[in-house]
$ cat my_file_9.cif   # mmCIF, C-alpha atoms
data_data
loop_
_atom_site.label_atom_id
_atom_site.label_comp_id
_atom_site.auth_asym_id
_atom_site.auth_seq_id
_atom_site.Cartn_x
_atom_site.Cartn_y
_atom_site.Cartn_z
CA MET R 1 14.40 -23.98 11.27
CA ARG R 2 14.63 -20.45 9.88
CA GLY R 3 15.23 -21.64 6.33
CA ARG R 4 12.87 -24.62 6.24
CA PRO R 5 10.25 -24.54 3.47
CA PHE R 6 6.84 -23.12 4.27
CA SER R 7 4.06 -25.71 4.25
CA GLY R 8 0.78 -25.07 2.50
CA HIS R 9 -1.11 -24.11 5.64
CA GLU R 10 1.79 -21.91 6.82
CA THR R 11 1.72 -20.10 3.49
CA GLY R 12 -2.02 -19.57 3.95
CA PHE R 13 -1.67 -18.23 7.49
CA TYR R 14 1.07 -15.88 6.33
CA ALA R 15 -0.86 -14.66 3.29
CA ILE R 16 -4.12 -13.96 5.10
CA GLY R 17 -2.46 -11.16 7.03
CA SER R 18 -2.45 -9.20 3.78
CA PHE R 19 -6.21 -8.96 3.86
CA GLY R 20 -5.74 -6.42 6.63
CA THR R 21 -2.90 -4.58 4.93
CA GLY R 22 -4.90 -4.37 1.70
CA ALA R 23 -7.95 -2.92 3.40
CA PHE R 24 -6.08 -0.52 5.67
CA SER R 25 -4.02 0.89 2.81
CA THR R 26 -6.98 1.18 0.44
CA VAL R 27 -9.78 2.74 2.49
CA PRO R 28 -7.85 5.94 3.29
CA SER R 29 -6.73 6.22 -0.34
CA VAL R 30 -10.30 5.87 -1.61
CA LEU R 31 -12.50 7.39 1.07
CA LEU R 32 -10.52 9.55 3.50
CA LEU R 33 -10.31 12.62 1.27
CA TYR R 34 -14.01 12.27 0.41
CA PHE R 35 -14.87 11.74 4.09
CA CYS R 36 -12.98 14.90 5.02
CA THR R 37 -14.46 17.17 2.35
CA GLU R 38 -18.00 15.82 2.00
CA ILE R 39 -18.90 14.28 5.38
CA VAL R 40 -17.12 16.39 8.00
CA ARG R 41 -16.75 19.43 5.72
CA ILE R 42 -13.03 20.07 6.06
CA PRO R 43 -11.78 22.47 3.32
CA ALA R 44 -10.21 20.61 0.38
CA GLY R 45 -6.76 22.15 0.80
CA VAL R 46 -6.63 21.27 4.50
CA ALA R 47 -7.95 17.77 3.76
CA ALA R 48 -5.20 17.24 1.19
CA LEU R 49 -2.59 18.05 3.81
CA ILE R 50 -4.27 15.77 6.36
CA VAL R 51 -4.02 12.76 4.03
CA PHE R 52 -0.42 13.50 3.02
CA VAL R 53 1.55 14.96 5.94
CA PRO R 54 1.31 11.85 8.20
CA LYS R 55 2.91 9.86 5.38
CA LEU R 56 6.00 12.09 5.55
CA TRP R 57 6.48 10.82 9.10
CA THR R 58 6.81 7.29 7.70
CA LEU R 59 9.95 8.26 5.78
CA PHE R 60 11.70 8.19 9.15
CA TRP R 61 9.42 5.91 11.14
CA ASP R 62 9.22 2.84 8.88
CA PRO R 63 13.00 2.34 8.47
CA PHE R 64 13.37 2.99 12.21
CA VAL R 65 10.81 0.28 12.99
CA GLY R 66 12.62 -2.06 10.61
CA GLY R 67 15.98 -1.49 12.30
CA TRP R 68 14.35 -1.71 15.73
CA SER R 69 12.79 -5.08 14.95
CA ASP R 70 16.08 -6.30 13.41
CA ARG R 71 17.83 -5.66 16.71
CA THR R 72 15.06 -6.71 19.13
CA ALA R 73 15.86 -9.56 21.49
CA SER R 74 12.94 -10.78 23.61
CA ARG R 75 11.53 -14.06 24.82
CA PHE R 76 8.65 -13.52 22.35
CA GLY R 77 11.00 -13.21 19.36
CA ARG R 78 12.08 -10.34 17.14
CA ARG R 79 9.06 -9.87 14.89
CA ARG R 80 6.14 -11.16 16.97
CA PRO R 81 5.86 -8.23 19.45
CA PHE R 82 5.70 -5.82 16.52
CA LEU R 83 3.06 -7.84 14.68
CA VAL R 84 0.80 -7.99 17.73
CA ALA R 85 1.15 -4.29 18.57
CA GLY R 86 0.63 -3.33 14.95
CA ALA R 87 -2.49 -5.44 14.38
CA ILE R 88 -4.29 -4.27 17.52
CA GLY R 89 -3.17 -0.64 17.31
CA THR R 90 -4.04 -0.33 13.63
CA GLY R 91 -7.54 -1.69 14.15
CA ALA R 92 -8.22 0.75 17.00
CA ALA R 93 -6.82 3.78 15.16
CA PHE R 94 -8.82 2.90 12.04
CA ALA R 95 -12.06 2.85 14.04
CA LEU R 96 -11.28 6.22 15.64
CA LEU R 97 -10.33 7.84 12.33
CA PHE R 98 -13.83 7.58 10.86
CA ALA R 99 -15.74 8.18 14.10
CA PRO R 100 -14.92 11.73 15.22
CA PRO R 101 -17.08 13.17 18.04
CA PRO R 102 -19.07 16.40 17.56
CA LEU R 103 -16.36 19.06 17.43
CA PRO R 104 -15.90 22.52 15.91
CA PRO R 105 -14.17 22.63 12.49
CA VAL R 106 -10.66 23.03 13.89
CA GLY R 107 -11.24 20.21 16.35
CA LEU R 108 -12.50 17.92 13.61
CA SER R 109 -9.43 18.63 11.49
CA LEU R 110 -7.15 17.87 14.44
CA TRP R 111 -9.05 14.67 15.31
CA VAL R 112 -8.76 13.29 11.78
CA ALA R 113 -5.12 14.35 11.43
CA ILE R 114 -4.03 12.85 14.76
CA SER R 115 -6.03 9.66 14.21
CA TYR R 116 -4.51 9.20 10.78
CA LEU R 117 -1.02 9.80 12.19
CA ALA R 118 -1.73 7.13 14.81
CA LEU R 119 -2.97 4.78 12.07
CA VAL R 120 0.16 5.03 9.92
CA THR R 121 2.37 4.78 13.02
CA CYS R 122 0.70 1.59 14.29
CA TYR R 123 0.46 0.15 10.79
CA ALA R 124 4.26 0.28 10.43
CA PHE R 125 4.66 -1.98 13.47
CA PHE R 126 2.85 -4.70 11.54
CA ALA R 127 3.66 -4.03 7.89
CA VAL R 128 7.44 -3.68 8.12
CA PRO R 129 8.28 -7.03 9.78
CA TYR R 130 5.44 -8.73 7.91
CA VAL R 131 6.69 -7.74 4.46
CA ALA R 132 10.24 -8.70 5.48
CA MET R 133 9.29 -12.30 6.27
CA PRO R 134 9.72 -13.82 2.75
CA ALA R 135 13.16 -12.24 2.34
CA GLU R 136 14.16 -13.26 5.86
CA PHE R 137 12.76 -16.76 6.31
CA ALA R 138 12.57 -18.21 2.77
CA GLU R 139 16.00 -19.13 1.44
CA ASN R 140 14.74 -20.54 -1.85
CA PRO R 141 13.73 -17.99 -4.54
CA ALA R 142 10.77 -20.20 -5.48
CA ASP R 143 9.54 -20.13 -1.87
CA ARG R 144 9.88 -16.36 -1.78
CA SER R 145 7.94 -16.00 -5.02
CA ARG R 146 5.22 -18.32 -3.71
CA LEU R 147 4.88 -16.43 -0.42
CA VAL R 148 4.75 -13.08 -2.21
CA GLY R 149 2.30 -14.40 -4.78
CA TRP R 150 -0.15 -15.72 -2.18
CA ARG R 151 0.31 -12.64 -0.03
CA MET R 152 -0.56 -10.38 -2.94
CA ALA R 153 -3.59 -12.54 -3.79
CA ALA R 154 -4.87 -12.08 -0.23
CA ALA R 155 -3.99 -8.39 -0.38
CA MET R 156 -6.15 -8.02 -3.48
CA ILE R 157 -9.09 -9.43 -1.53
CA GLY R 158 -8.35 -6.87 1.18
CA VAL R 159 -8.10 -4.12 -1.41
CA LEU R 160 -11.41 -5.30 -2.85
CA ALA R 161 -12.96 -5.14 0.61
CA GLY R 162 -11.50 -1.70 1.21
CA ALA R 163 -12.54 -0.24 -2.12
CA SER R 164 -15.92 -1.90 -2.71
CA LEU R 165 -17.18 -3.32 0.58
CA ALA R 166 -16.34 -0.18 2.57
CA PRO R 167 -18.73 2.11 0.64
CA MET R 168 -21.43 -0.55 0.89
CA LEU R 169 -20.91 -0.78 4.65
CA VAL R 170 -21.19 3.00 4.85
CA ALA R 171 -24.53 2.79 3.06
CA ALA R 172 -25.65 -0.14 5.23
CA GLY R 173 -24.84 1.91 8.32
CA GLY R 174 -27.14 4.70 7.21
CA GLY R 175 -24.61 6.93 5.43
CA GLY R 176 -23.12 10.10 6.82
CA ARG R 177 -21.04 10.02 9.97
CA ALA R 178 -22.91 7.06 11.43
CA GLY R 179 -22.32 5.03 8.28
CA TYR R 180 -18.58 5.72 8.25
CA ALA R 181 -18.29 4.86 11.95
CA PHE R 182 -20.13 1.56 11.32
CA MET R 183 -17.85 0.75 8.38
CA ALA R 184 -14.68 1.49 10.36
CA LEU R 185 -15.76 -0.64 13.31
CA CYS R 186 -16.61 -3.64 11.11
CA LEU R 187 -13.53 -3.49 8.90
CA GLY R 188 -11.17 -2.49 11.69
CA GLY R 189 -12.11 -5.44 13.88
CA ALA R 190 -12.05 -7.96 11.04
CA CYS R 191 -8.72 -6.78 9.66
CA ALA R 192 -7.03 -6.77 13.08
CA ALA R 193 -8.05 -10.42 13.52
CA PHE R 194 -6.67 -11.40 10.10
CA MET R 195 -3.41 -9.53 10.80
CA LEU R 196 -2.76 -11.76 13.82
CA CYS R 197 -2.74 -14.92 11.68
CA PRO R 198 0.93 -14.64 10.51
CA LEU R 199 1.97 -15.21 14.14
CA LEU R 200 1.09 -18.87 13.60
CA VAL R 201 4.01 -19.42 11.18
CA LEU R 202 6.79 -17.89 13.27
CA HIS R 203 7.34 -20.75 15.71
CA GLY R 204 10.91 -21.93 15.28
CA ARG R 205 11.70 -19.09 12.91
CA ASP R 206 11.45 -15.86 14.86
CA GLY R 207 14.55 -16.11 17.01
CA PRO R 208 17.36 -13.65 17.71
CA ALA R 209 19.19 -12.09 14.80
CA PRO R 210 21.54 -14.70 13.30
CA LEU R 211 25.15 -14.25 14.23
CA GLY R 212 27.63 -14.19 11.42
CA THR R 213 30.95 -12.90 10.37
CA ILE R 214 29.51 -9.63 9.05
CA GLU R 215 28.73 -6.94 11.57
CA ARG R 216 25.49 -5.11 10.84
CA PRO R 217 26.01 -1.40 10.22
CA SER R 218 23.89 1.30 11.80
CA LEU R 219 20.49 2.33 10.48
CA GLY R 220 21.96 5.45 8.91
CA GLN R 221 24.70 3.48 7.19
CA GLN R 222 22.19 0.95 5.88
CA ALA R 223 19.91 3.70 4.58
CA GLY R 224 22.89 5.40 2.91
CA ALA R 225 23.95 2.16 1.24
CA ALA R 226 20.42 1.58 -0.05
CA ALA R 227 20.21 5.15 -1.33
CA ARG R 228 23.44 4.65 -3.28
CA ASP R 229 22.27 1.32 -4.69
CA HIS R 230 21.10 2.23 -8.17
CA GLY R 231 18.79 -0.77 -8.63
CA PHE R 232 17.04 -0.40 -5.27
CA ARG R 233 16.72 3.37 -5.62
CA SER R 234 15.28 3.16 -9.12
CA LEU R 235 12.76 0.51 -8.13
CA LEU R 236 11.74 2.54 -5.08
CA LEU R 237 11.17 5.76 -7.04
CA ALA R 238 9.36 3.96 -9.85
CA TYR R 239 7.03 2.31 -7.33
CA VAL R 240 6.19 5.65 -5.71
CA LEU R 241 5.30 7.14 -9.09
CA MET R 242 3.20 4.13 -10.10
CA LEU R 243 1.27 4.23 -6.84
CA ALA R 244 0.72 7.96 -7.26
CA ALA R 245 -0.76 7.32 -10.71
CA ALA R 246 -3.01 4.60 -9.29
CA GLY R 247 -4.03 6.88 -6.43
CA ILE R 248 -5.34 9.55 -8.78
CA ILE R 249 -8.15 7.26 -9.91
CA SER R 250 -8.97 5.85 -6.46
CA ALA R 251 -9.14 9.31 -4.87
CA SER R 252 -11.07 10.84 -7.78
CA ALA R 253 -13.55 7.99 -8.19
CA PRO R 254 -15.97 9.11 -5.43
CA TYR R 255 -16.22 12.58 -6.97
CA LEU R 256 -16.50 11.37 -10.58
CA ILE R 257 -19.23 8.88 -9.64
CA THR R 258 -21.30 10.84 -7.13
CA ARG R 259 -20.81 14.36 -8.51
CA ALA R 260 -20.12 14.11 -12.24
CA LEU R 261 -22.51 11.17 -12.81
CA ALA R 262 -24.87 11.90 -9.89
CA ARG R 263 -24.91 8.28 -8.75
CA SER R 264 -25.08 6.90 -5.21
CA GLU R 265 -22.14 6.29 -2.88
CA ALA R 266 -22.77 2.54 -3.17
CA ASP R 267 -21.85 2.79 -6.87
CA ILE R 268 -18.33 3.77 -5.82
CA GLY R 269 -18.04 0.24 -4.46
CA VAL R 270 -19.54 -1.21 -7.63
CA ALA R 271 -16.99 0.46 -9.90
CA LEU R 272 -13.97 -0.18 -7.73
CA GLY R 273 -15.18 -3.69 -6.96
CA LEU R 274 -15.34 -4.47 -10.67
CA MET R 275 -11.78 -3.22 -11.09
CA LEU R 276 -10.47 -5.24 -8.16
CA ILE R 277 -12.26 -8.43 -9.17
CA ALA R 278 -10.46 -8.11 -12.50
CA THR R 279 -7.26 -7.42 -10.55
CA SER R 280 -7.64 -10.57 -8.45
CA LEU R 281 -8.44 -12.76 -11.45
CA THR R 282 -5.49 -11.53 -13.51
CA ALA R 283 -2.84 -11.24 -10.77
CA PRO R 284 -1.53 -14.83 -11.29
CA GLY R 285 -1.28 -14.14 -15.01
CA LEU R 286 0.73 -10.97 -14.42
CA SER R 287 3.04 -12.88 -12.09
CA TRP R 288 3.52 -15.49 -14.83
CA ALA R 289 4.14 -12.76 -17.40
CA GLY R 290 6.86 -11.31 -15.17
CA ARG R 291 8.60 -14.69 -14.97
CA ARG R 292 8.12 -15.37 -18.68
CA TRP R 293 9.14 -12.02 -20.21
CA GLY R 294 10.70 -10.19 -17.28
CA GLU R 295 9.23 -7.93 -14.63
CA VAL R 296 10.33 -4.68 -16.26
CA PRO R 297 8.57 -5.24 -19.63
CA ALA R 298 5.47 -6.53 -17.82
CA LEU R 299 5.44 -3.50 -15.50
CA THR R 300 5.87 -1.12 -18.42
CA ALA R 301 2.87 -2.67 -20.16
CA SER R 302 0.88 -2.40 -16.92
CA VAL R 303 1.67 1.30 -16.55
CA LEU R 304 0.60 2.06 -20.12
CA GLY R 305 -2.56 0.01 -19.68
CA TYR R 306 -3.45 1.89 -16.52
CA ILE R 307 -3.01 5.26 -18.23
CA ILE R 308 -5.38 4.16 -21.00
CA ALA R 309 -7.94 2.92 -18.47
CA ALA R 310 -7.75 6.17 -16.48
CA THR R 311 -8.39 8.14 -19.66
CA ILE R 312 -11.49 6.06 -20.38
CA VAL R 313 -12.78 6.59 -16.83
CA ALA R 314 -12.21 10.33 -17.03
CA PHE R 315 -13.93 10.79 -20.37
CA ALA R 316 -16.82 8.60 -19.25
CA ALA R 317 -17.36 11.14 -16.47
CA ARG R 318 -17.03 13.99 -18.95
CA TYR R 319 -19.73 12.54 -21.24
CA HIS R 320 -21.88 11.09 -18.42
CA SER R 321 -21.63 7.43 -19.44
CA TRP R 322 -21.89 4.95 -16.57
CA PRO R 323 -21.31 1.85 -18.81
CA ALA R 324 -18.16 3.41 -20.26
CA MET R 325 -16.92 4.21 -16.75
CA LEU R 326 -17.47 0.60 -15.68
CA ALA R 327 -15.56 -0.55 -18.77
CA GLY R 328 -12.68 1.75 -17.83
CA PHE R 329 -12.51 0.39 -14.30
CA ALA R 330 -12.64 -3.20 -15.60
CA LEU R 331 -9.74 -2.45 -17.96
CA ALA R 332 -7.78 -0.91 -15.09
CA GLY R 333 -7.95 -4.18 -13.14
CA PRO R 334 -5.27 -6.19 -14.99
CA ALA R 335 -2.99 -3.16 -15.14
CA PHE R 336 -3.39 -2.59 -11.40
CA ALA R 337 -2.51 -6.25 -10.80
CA GLY R 338 0.81 -5.65 -12.49
CA LEU R 339 1.49 -2.54 -10.43
CA GLN R 340 0.89 -4.52 -7.24
CA VAL R 341 2.39 -7.97 -7.82
CA LEU R 342 5.51 -7.35 -9.90
CA PRO R 343 7.27 -4.69 -7.77
CA TYR R 344 6.84 -6.78 -4.61
CA THR R 345 8.30 -9.85 -6.31
CA MET R 346 11.28 -7.82 -7.48
CA VAL R 347 11.93 -6.23 -4.11
CA ALA R 348 11.70 -9.55 -2.20
CA HIS R 349 14.55 -10.98 -4.28
CA LEU R 350 16.50 -7.74 -4.06
CA ILE R 351 16.19 -7.42 -0.27
CA HIS R 352 17.23 -11.04 0.22
CA ASP R 353 20.35 -10.49 -1.89
CA ARG R 354 21.27 -7.22 -0.20
CA ALA R 355 20.80 -8.56 3.31
CA ALA R 356 22.91 -11.62 2.48
CA THR R 357 25.90 -9.36 1.71
CA GLY R 358 25.55 -7.57 5.06
CA ALA R 359 24.91 -4.21 3.37
CA ALA R 360 21.56 -3.96 5.18
CA ALA R 361 19.15 -6.04 7.24
CA GLN R 362 15.77 -7.17 5.98
CA GLY R 363 13.74 -5.02 8.33
CA THR R 364 15.56 -1.81 7.48
CA LEU R 365 15.26 -2.24 3.73
CA THR R 366 11.64 -3.30 4.06
CA GLY R 367 10.99 -0.24 6.21
CA MET R 368 12.35 1.98 3.46
CA TRP R 369 10.14 0.19 0.94
CA THR R 370 6.94 0.45 2.99
CA ALA R 371 7.67 4.12 3.75
CA ALA R 372 7.99 4.81 0.04
CA GLU R 373 4.80 2.84 -0.58
CA LYS R 374 2.88 5.04 1.84
CA ILE R 375 4.21 8.20 0.21
CA GLY R 376 3.10 6.87 -3.17
CA LEU R 377 -0.35 5.95 -1.84
CA ALA R 378 -0.72 9.43 -0.33
CA ALA R 379 0.56 11.34 -3.35
CA GLY R 380 -2.53 10.59 -5.45
CA PRO R 381 -5.02 11.84 -2.83
CA LEU R 382 -2.79 14.85 -2.11
CA ALA R 383 -2.71 15.87 -5.76
CA THR R 384 -6.45 15.22 -6.08
CA GLY R 385 -7.23 17.33 -3.01
CA LEU R 386 -5.16 20.22 -4.32
CA ALA R 387 -6.85 19.90 -7.71
CA LEU R 388 -10.28 19.99 -6.04
CA ALA R 389 -9.30 23.17 -4.24
CA ILE R 390 -8.59 24.71 -7.67
CA VAL R 391 -11.42 23.32 -9.82
CA ARG R 392 -13.98 23.43 -6.96
CA ASP R 393 -17.28 22.07 -8.34
CA ASP R 394 -16.12 21.54 -11.93
CA PHE R 395 -16.14 17.76 -11.65
CA SER R 396 -16.95 17.03 -15.32
CA GLY R 397 -14.36 19.44 -16.69
CA GLY R 398 -11.48 20.50 -14.50
CA LEU R 399 -11.31 17.28 -12.47
CA VAL R 400 -11.51 15.15 -15.62
CA THR R 401 -8.61 17.06 -17.19
CA PHE R 402 -6.58 16.66 -14.02
CA VAL R 403 -7.19 12.88 -13.89
CA VAL R 404 -5.99 12.36 -17.47
CA LEU R 405 -2.90 14.56 -17.24
CA ALA R 406 -1.79 13.62 -13.72
CA THR R 407 -2.14 9.86 -14.27
CA ALA R 408 -0.14 10.08 -17.49
CA LEU R 409 2.51 12.30 -15.89
CA PHE R 410 3.14 10.01 -12.92
CA GLY R 411 2.93 6.82 -14.95
CA LEU R 412 5.20 7.87 -17.81
CA ALA R 413 7.78 9.24 -15.36
CA ALA R 414 8.07 5.76 -13.81
CA ILE R 415 8.92 3.94 -17.05
CA PRO R 416 12.54 5.18 -17.49
CA LEU R 417 13.28 4.27 -13.87
CA LEU R 418 12.06 0.71 -14.44
CA ARG R 419 14.81 0.20 -17.01
CA THR R 420 17.42 0.57 -14.26
CA ALA R 421 15.46 -1.16 -11.50
CA ASN R 422 16.94 -4.65 -11.94
CA ALA R 423 18.81 -5.99 -8.90
CA ARG R 424 22.50 -5.11 -8.94
CA PRO R 425 25.27 -5.80 -6.45
CA ALA R 426 24.80 -3.70 -3.34
CA ILE R 427 27.31 -1.04 -2.40
CA GLU R 428 29.06 -2.29 0.68
CA CYS R 429 28.36 -0.37 3.85
CA ARG R 430 31.11 -0.57 6.46
CA SER R 431 30.63 0.00 10.14
#
$ encode --input "my_file_9.cif" --output "structure tokens"
Amino acid sequence: MRGRPFSGHETGFYAIGSFGTGAFSTVPSVLLLYFCTEIVRIPAGVAALIVFVPKLWTLFWDPFVGGWSDRTASRFGRRRPFLVAGAIGTGAAFALLFAPPPLPPVGLSLWVAISYLALVTCYAFFAVPYVAMPAEFAENPADRSRLVGWRMAAAMIGVLAGASLAPMLVAAGGGGRAGYAFMALCLGGACAAFMLCPLLVLHGRDGPAPLGTIERPSLGQQAGAAARDHGFRSLLLAYVLMLAAAGIISASAPYLITRALARSEADIGVALGLMLIATSLTAPGLSWAGRRWGEVPALTASVLGYIIAATIVAFAARYHSWPAMLAGFALAGPAFAGLQVLPYTMVAHLIHDRAATGAAAQGTLTGMWTAAEKIGLAAGPLATGLALAIVRDDFSGGLVTFVVLATALFGLAAIPLLRTANARPAIECRS
């Protein structure tokens, strides 16, 4: 039952959960820093720490959740209790994050920081076992690729909702604090419902951990083996750097659009929506390119394309050209598709191979991956917040320079690591 092929409707129910993961990972990357500095008036340096420090917690928490779910034995299954707790808890924490009560400045900072910590903590309960499912339950590489491909397609719709629909919901809710609270309630409830859908495919699959001749090592031993595995480590570090590069644009976009170009907050959604529509349309093509020419060459081309697009966006802000900025975001779409689809395809195969040797279990490796993903997603807003603290109101000069240089720095640093990111035999980890 565990290895049986996924039917079409099962694939759909699995994939739709990524709508929630896409939205929940995108909205904080795009709007949380802006919400902190412009809506609740938290100083930029403090706001940068608020969006980054909770992600450090995930370096421990996500692998722990993965190992915990690997070893869970309950009448509800191994993964299902985590998926339910994660979906409901994430939706509630998301709503609280953007709806702080009237508090003094220190109280507001603490509210946002604690709410965001609760969000990333609850999110791990869902994301870690969810991302592990293709590696765990699909024995055939083609099935794994299909599950990942459809999951990433649904995730792109969630990312689109998070990046474009969220600002529009803020505007529809009247803007300001009321608008953000309205947005969080709408998206939080919808995403929590979508995140419960993968439960429908676990019947007959989500049983106790399979018994075998290989004894599973401890969490520390598994993490050590993964850290010594050159292919896994290189892919992990490259992914963090690529996400950091992508995060520079998403975190800077609200400032470039509303401050440098003096446009409305709704136009943030227009620009990012254009990018993500292009991402969704080109994601299947990038997946095909990875199979046709190899994931590493396709990823390298995606990184270079994203750097070029970021440069166009930055200079459009410098010279106050809204059409040029839209063109830059449209060009970023296909590159962003590569940064999203190809690493997940690579890691699904890699985790399946590693777990099959007994060097690590799927949940633990997936936990390490999702922890690294969160650090990468937070690195862009962190760097942007620190840059804002330095350049202050120089959005058309200092911020533009930062966007060009930081995106290129993170992106180019990832390329050498991609050359050594192909799956290699895992280093055995003995109990």
$ axis_aligned_box --input "my_file_9.cif" --around "region 77-88 of chain R" --padding-each-side "4 Å" --output "JSON"
{"center_x": 3.9, "center_y": -8.3, "center_z": 16.9, "size_x": 24.4, "size_y": 17.9, "size_z": 13.1}
$ resolve_selection --input "my_file_9.cif" --expression "the PyMOL selection byres ((chain R and resi 89) around 9)" --output "list of chain:residue names"
R:Val84, R:Ala85, R:Gly86, R:Ala87, R:Ile88, R:Thr90, R:Gly91, R:Ala92, R:Ala93, R:Phe94, R:Ala118, R:Leu119, R:Thr121, R:Cys122, R:Tyr123, R:Phe125, R:Ala192
$ residues_around --input "my_file_9.cif" --residues "Leu165 (chain R)" --least-positions-apart "6" --cutoff "9 Å" --atoms "all atoms listed in the file" --output "PyMOL selection string"
chain R and resi 183+266+269-270+273
$ write_last_selection --input "my_file_9.cif" --atoms "C-alpha atoms" --output "PDB file, in the coordinates of the input"
ATOM      1  CA  MET R 183     -17.850   0.750   8.380  1.00  0.00           C
ATOM      2  CA  ALA R 266     -22.770   2.540  -3.170  1.00  0.00           C
ATOM      3  CA  GLY R 269     -18.040   0.240  -4.460  1.00  0.00           C
ATOM      4  CA  VAL R 270     -19.540  -1.210  -7.630  1.00  0.00           C
ATOM      5  CA  GLY R 273     -15.180  -3.690  -6.960  1.00  0.00           C
TER       6      GLY R 273
END
$ resolve_selection --input "my_file_9.cif" --expression "the PyMOL selection byres ((chain R and resi 105) around 12)" --output "list in words"
Cys36, Thr37, Ile39, Val40, Arg41, Ile42, Pro43, Val46, Ala47, Pro100, Pro101, Pro102, Leu103, Pro104, Val106, Gly107, Leu108, Ser109, Leu110, Trp111 and Val112 of chain R
$ resolve_selection --input "my_file_9.cif" --expression "the PyMOL selection byres ((chain R and resi 319) around 12)" --output "list of chain:residue names"
R:Leu256, R:Ala260, R:Leu261, R:Ile312, R:Val313, R:Ala314, R:Phe315, R:Ala316, R:Ala317, R:Arg318, R:His320, R:Ser321, R:Trp322, R:Pro323, R:Ala324, R:Met325, R:Phe395, R:Ser396, R:Gly397, R:Val400
$ atom_distance --input "my_file_9.cif" --atom1 "CA of Gly158 (chain R)" --atom2 "CA of Ile277 (chain R)"
11.2 Å
$ atom_distance --input "my_file_9.cif" --atom1 "CA of Phe410 (chain R)" --atom2 "CA of Leu382 (chain R)"
13.2 Å
$ atom_distance --input "my_file_9.cif" --atom1 "CA of Val170 (chain R)" --atom2 "CA of Phe329 (chain R)"
21.2 Å
$ closest_residue --input "my_file_9.cif" --among "R:Ser250, R:Thr401, R:Thr366, R:Ser7" --to "Val201 (chain R)" --atoms "all atoms listed in the file"
R:Ser7
